[in-house]
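Following: one structure in structure tokens, then a few remarks.
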Amino acid sequence: MIRKHSLVRRGAAVVAAGAAALVLAACGGGDSDSAAGHGGHNAAASPSASAPASQGQHNAADVAFAKGMIPHHRQAVEMADLAPERAQSAEVKTLAADIKKAQDPEIETLSGWLTSWGEEVPAEGAMDHSMHGMDDMGGMMTDEEMTGLENASGKAFDTAFMELMIKHHEGAVAMAKAEQADGAHGPARKMAGDIITSQNAEIEQMKKLLGKD
């Protein structure tokens, strides 16, 4: 009898343990559902929660930098494209090639940033009207200056090209310094630093070339 009662008690304990396991499983499921629910809420809340951080990755200064530098670079490339057939100096031809090589990829990168930010990329040809209110147009050439450069050749072209490109580069450096001071987008600030370094070096090179007989 004692053994029988023991078996009964053991069986009852097993049943109780099983019931307890079921209750724990149900609770665990509830916790898991709750966790999933929290996860769901977190997932749903994540975009809005991360939106300020995402917006903080770029600001109005970054947008202005990209929108201004694209037409600015396009004009520099247009100027550089004139050099192979018009320049007399091999150094000017090399300089023009270097400018084109550096600025073409930057135009693509800047355009990609604007697209990813939901901003409009300046249209081709929108040069003089896209410089976000800069009084000196960031060193941009006027139509008359561009026409004069197109009509020049030989040493006259070399001189005009370098004088105009110095002014053009100085405008780009000023825009890049504004981006470094006010921008929030890390890659844009880095590009601005690269522009300042490379274009200041080219300005010095052109000034030296202009000083030669």
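By convention here, the chains of the structure tokens are called A, B, ... in the order presented, each chain's residues are numbered starting at 1, and ligands are numbered starting at 1 in the order presented.
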Identify, on the basis of only C-alpha atoms, every residue whose closest approach to Ala172 (chain A) does not exceed 10 Å; exclude the query and any residue fewer than 6 positions from it along the same chain; express the result as an MDAnalysis selection string. chainID A and resid 65 68:69 72:73 137:140 166 178 192 195:196 199:200
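Restricting the calculation to only C-alpha atoms, the smallest distance between Ala102 (chain A) and any of A:Glu78, A:Glu144, A:Asp194, A:Glu120 is found for A:Asp194.
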Compile the contact shell of Leu164 (chain A) as an NGL selection string: residues with an atom at most 10 Å away, counting only C-alpha atoms, same-chain residues fewer than 2 positions apart removed. :A and (76 or 79 or 139-141 or 145-146 or 149 or 159-162 or 166-170)
Residues near Lys208 (chain A), anyone? I mean within 12 Å using only C-alpha atoms, not counting same-chain ones fewer than 5 positions away, as a list in words. Glu91, Val92, Thr159, Met162, Glu163, Ile166, Ala201, Glu202, Ile203 and Asp213 of chain A
File of the preceding selection, all heavy atoms, as a JSON list (two decimals), in the first residue's frame:
```json
[["chain", "number", "residue", "atom", "x", "y", "z"],
["A", 91, "GLU", "N", 52.58, 71.88, -69.52],
["A", 91, "GLU", "CA", 52.21, 71.93, -68.10],
["A", 91, "GLU", "C", 50.74, 72.29, -67.92],
["A", 91, "GLU", "O", 50.07, 71.77, -67.04],
["A", 91, "GLU", "CB", 53.12, 72.93, -67.37],
["A", 91, "GLU", "CG", 54.56, 72.45, -67.25],
["A", 91, "GLU", "CD", 55.48, 73.56, -66.78],
["A", 91, "GLU", "OE1", 55.53, 74.62, -67.45],
["A", 91, "GLU", "OE2", 56.15, 73.38, -65.75],
["A", 92, "VAL", "N", 50.25, 73.20, -68.77],
["A", 92, "VAL", "CA", 48.84, 73.58, -68.70],
["A", 92, "VAL", "C", 47.95, 72.40, -69.12],
["A", 92, "VAL", "O", 46.91, 72.14, -68.51],
["A", 92, "VAL", "CB", 48.56, 74.82, -69.57],
["A", 92, "VAL", "CG1", 47.05, 75.05, -69.73],
["A", 92, "VAL", "CG2", 49.23, 76.05, -68.97],
["A", 159, "THR", "N", 47.50, 81.66, -70.64],
["A", 159, "THR", "CA", 47.41, 82.74, -69.67],
["A", 159, "THR", "C", 45.98, 82.91, -69.17],
["A", 159, "THR", "O", 45.72, 82.99, -67.96],
["A", 159, "THR", "CB", 47.91, 84.06, -70.28],
["A", 159, "THR", "OG1", 49.28, 83.90, -70.66],
["A", 159, "THR", "CG2", 47.79, 85.21, -69.27],
["A", 162, "MET", "N", 44.76, 79.93, -66.94],
["A", 162, "MET", "CA", 45.29, 79.92, -65.58],
["A", 162, "MET", "C", 44.74, 81.05, -64.73],
["A", 162, "MET", "O", 44.40, 80.86, -63.56],
["A", 162, "MET", "CB", 46.82, 79.94, -65.60],
["A", 162, "MET", "CG", 47.42, 78.62, -66.09],
["A", 162, "MET", "SD", 49.23, 78.54, -65.94],
["A", 162, "MET", "CE", 49.74, 79.65, -67.25],
["A", 163, "GLU", "N", 44.61, 82.24, -65.32],
["A", 163, "GLU", "CA", 44.07, 83.37, -64.56],
["A", 163, "GLU", "C", 42.63, 83.09, -64.14],
["A", 163, "GLU", "O", 42.24, 83.35, -62.99],
["A", 163, "GLU", "CB", 44.15, 84.65, -65.39],
["A", 163, "GLU", "CG", 45.58, 85.18, -65.53],
["A", 163, "GLU", "CD", 45.66, 86.40, -66.42],
["A", 163, "GLU", "OE1", 44.67, 86.68, -67.14],
["A", 163, "GLU", "OE2", 46.71, 87.09, -66.39],
["A", 166, "ILE", "N", 42.50, 80.14, -61.54],
["A", 166, "ILE", "CA", 42.89, 80.56, -60.19],
["A", 166, "ILE", "C", 41.67, 81.14, -59.46],
["A", 166, "ILE", "O", 41.38, 80.79, -58.31],
["A", 166, "ILE", "CB", 44.04, 81.59, -60.24],
["A", 166, "ILE", "CG1", 45.35, 80.89, -60.61],
["A", 166, "ILE", "CG2", 44.18, 82.31, -58.89],
["A", 166, "ILE", "CD1", 46.50, 81.85, -60.90],
["A", 201, "ALA", "N", 47.05, 73.88, -53.86],
["A", 201, "ALA", "CA", 48.32, 73.48, -54.48],
["A", 201, "ALA", "C", 48.33, 73.85, -55.96],
["A", 201, "ALA", "O", 49.35, 74.33, -56.49],
["A", 201, "ALA", "CB", 48.54, 71.99, -54.30],
["A", 202, "GLU", "N", 47.19, 73.65, -56.63],
["A", 202, "GLU", "CA", 47.11, 73.99, -58.06],
["A", 202, "GLU", "C", 47.15, 75.50, -58.27],
["A", 202, "GLU", "O", 47.71, 75.98, -59.26],
["A", 202, "GLU", "CB", 45.85, 73.39, -58.66],
["A", 202, "GLU", "CG", 45.94, 71.87, -58.81],
["A", 202, "GLU", "CD", 44.64, 71.22, -59.23],
["A", 202, "GLU", "OE1", 43.57, 71.89, -59.20],
["A", 202, "GLU", "OE2", 44.67, 70.02, -59.58],
["A", 203, "ILE", "N", 46.58, 76.25, -57.34],
["A", 203, "ILE", "CA", 46.65, 77.72, -57.42],
["A", 203, "ILE", "C", 48.11, 78.17, -57.37],
["A", 203, "ILE", "O", 48.55, 79.02, -58.16],
["A", 203, "ILE", "CB", 45.83, 78.36, -56.28],
["A", 203, "ILE", "CG1", 44.33, 78.21, -56.53],
["A", 203, "ILE", "CG2", 46.19, 79.85, -56.13],
["A", 203, "ILE", "CD1", 43.46, 78.59, -55.34],
["A", 213, "ASP", "N", 58.51, 83.53, -68.01],
["A", 213, "ASP", "CA", 58.52, 84.28, -69.29],
["A", 213, "ASP", "C", 58.06, 83.36, -70.41],
["A", 213, "ASP", "O", 58.31, 82.18, -70.37],
["A", 213, "ASP", "CB", 59.94, 84.78, -69.57],
["A", 213, "ASP", "CG", 60.35, 85.83, -68.54],
["A", 213, "ASP", "OD1", 59.46, 86.56, -68.04],
["A", 213, "ASP", "OD2", 61.55, 85.91, -68.23]]
```
Determine, counting only C-alpha atoms, which protein, DNA and RNA residues have an atom within 8 Å of an atom of Val77 (chain A); residues of the same chain fewer than 6 positions away are not included. Present the result as number ranges by chain. A: 99-100, 103-104
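Residues surrounding Ala152 (chain A) within 9 Å are Arg86, Ala87, Asp158 and Ala160 of chain A [only C-alpha atoms; sequence separation below 6 positions excluded].
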Serialized selection, all heavy atoms, as a PDB file, in the first residue's frame:
```pdb
ATOM      1  N   ARG A  86      43.826  73.622 -77.421  1.00  0.00           N
ATOM      2  CA  ARG A  86      44.105  75.053 -77.466  1.00  0.00           C
ATOM      3  C   ARG A  86      45.381  75.457 -76.724  1.00  0.00           C
ATOM      4  O   ARG A  86      45.996  76.464 -77.060  1.00  0.00           O
ATOM      5  CB  ARG A  86      42.910  75.833 -76.888  1.00  0.00           C
ATOM      6  CG  ARG A  86      41.649  75.741 -77.755  1.00  0.00           C
ATOM      7  CD  ARG A  86      40.453  76.348 -76.997  1.00  0.00           C
ATOM      8  NE  ARG A  86      39.259  76.431 -77.824  1.00  0.00           N
ATOM      9  CZ  ARG A  86      38.465  75.403 -78.088  1.00  0.00           C
ATOM     10  NH1 ARG A  86      38.750  74.196 -77.607  1.00  0.00           N
ATOM     11  NH2 ARG A  86      37.393  75.555 -78.857  1.00  0.00           N
ATOM     12  N   ALA A  87      45.735  74.701 -75.699  1.00  0.00           N
ATOM     13  CA  ALA A  87      46.897  75.099 -74.881  1.00  0.00           C
ATOM     14  C   ALA A  87      48.204  74.884 -75.629  1.00  0.00           C
ATOM     15  O   ALA A  87      48.343  73.968 -76.433  1.00  0.00           O
ATOM     16  CB  ALA A  87      46.903  74.313 -73.575  1.00  0.00           C
ATOM     17  N   ASP A 158      46.772  79.778 -72.614  1.00  0.00           N
ATOM     18  CA  ASP A 158      47.418  79.348 -71.373  1.00  0.00           C
ATOM     19  C   ASP A 158      47.244  80.403 -70.273  1.00  0.00           C
ATOM     20  O   ASP A 158      46.878  80.084 -69.139  1.00  0.00           O
ATOM     21  CB  ASP A 158      48.913  79.109 -71.597  1.00  0.00           C
ATOM     22  CG  ASP A 158      49.175  77.948 -72.551  1.00  0.00           C
ATOM     23  OD1 ASP A 158      48.248  77.138 -72.780  1.00  0.00           O
ATOM     24  OD2 ASP A 158      50.307  77.858 -73.070  1.00  0.00           O
ATOM     25  N   ALA A 160      45.024  82.978 -70.116  1.00  0.00           N
ATOM     26  CA  ALA A 160      43.617  83.168 -69.746  1.00  0.00           C
ATOM     27  C   ALA A 160      43.108  81.989 -68.911  1.00  0.00           C
ATOM     28  O   ALA A 160      42.402  82.177 -67.912  1.00  0.00           O
ATOM     29  CB  ALA A 160      42.768  83.337 -71.008  1.00  0.00           C
TER      30      ALA A 160
END
```
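Closest to Arg189 (chain A) among A:Ile70, A:Ala80, A:Leu110, A:Leu210 is A:Leu110, based on only C-alpha atoms.
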